[in-house]
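Each remark here refers to the structure printed beneath this line.
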Amino acid sequence: PPPKHITRASYGRISRPNCIHQADILFLTHDKYKGKTYKAVLNIVDCASEYKASVPLMSKKNNGQEWMGETSRIMEKHGVVIRVIGPYSHRNTAIVERFNKTLAEMLYKIQYSVE
């Protein structure tokens, strides 16, 4: 069943959930968890409902290889349009940038309390 109430983002006039997403990569300090070293986190935010999802990445290449190959084929199959925003365009990705800041603060507090 559809949710009764959807919190709307104050970002423009986006009102339909699962229609427009913002994604960004948050770089982490290289800590090991269960024998694996995670170097970055891919954060994705739905602009209408503000639903957030994060995927830890073990490697991150500067030329954007995460978006190539299988991921691009899956997105194309489902009719997803990918628009790549250039570097230092933080206004265009304001929602996910704010989530990156909040997540980084939370992770670093946990990390430094353990050390």
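Just remember, in the structure tokens the first chain shown is A, the second B, etc., residues are 1-based per chain, and ligands are 1-based in the order shown.
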
Legend entry - Spatial neighbours of stretch 31-36 of chain A, max dist 10 Å, only C-alpha atoms, sep filter under 3 positions, as a list in words: Leu28, Lys39, Met58 and Gln111 of chain A

Serialized selection, C-alpha atoms, as a PDB file, in the first residue's frame:
```
ATOM      1  CA  LEU A  28      36.105   7.567   4.349  1.00  0.00           C
ATOM      2  CA  LYS A  39      37.269   3.482   1.229  1.00  0.00           C
ATOM      3  CA  MET A  58      35.839  -1.083  -1.335  1.00  0.00           C
ATOM      4  CA  GLN A 111      35.234   6.161  14.903  1.00  0.00           C
TER       5      GLN A 111
END
```

Legend entry - Test item: residues at most 9 Å from A:Ser54, only C-alpha atoms, excluding those fewer than 2 positions along its chain, as a list of chain:residue names: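 Neighbouring residues, sequence-local ones excluded: A:Val41, A:Leu42, A:Asn43, A:Ile44, A:Val45, A:Lys52, A:Pro56.
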
Inset, instruction - Tell me which protein, DNA and RNA residues are within 12 Å of A:Ala104, counting only C-alpha atoms, leaving out same-chain ones fewer than 6 positions away, and put them as a list of chain:residue names. - result: A:Ile25, A:Leu26, A:Phe27, A:Leu28, A:Thr29, A:Ala40, A:Val41, A:Asn43, A:Val96, A:Glu97, A:Arg98, A:Ile110, A:Gln111, A:Tyr112

Inset, instruction - Please provide as a ChimeraX atom specification all residues within 12 Å of A:Asn92, with the sequence filter that same-chain residues fewer than 5 positions apart are discarded (counting only C-alpha atoms). - result: /A:11-12,21-24,47,83-87,97-98

Legend entry - Which of stretch 1-113 of chain A DSSP labels strand (DSSP E or B), written as a PyMOL selection string: chain A and resi 21-33+36-46+52-57
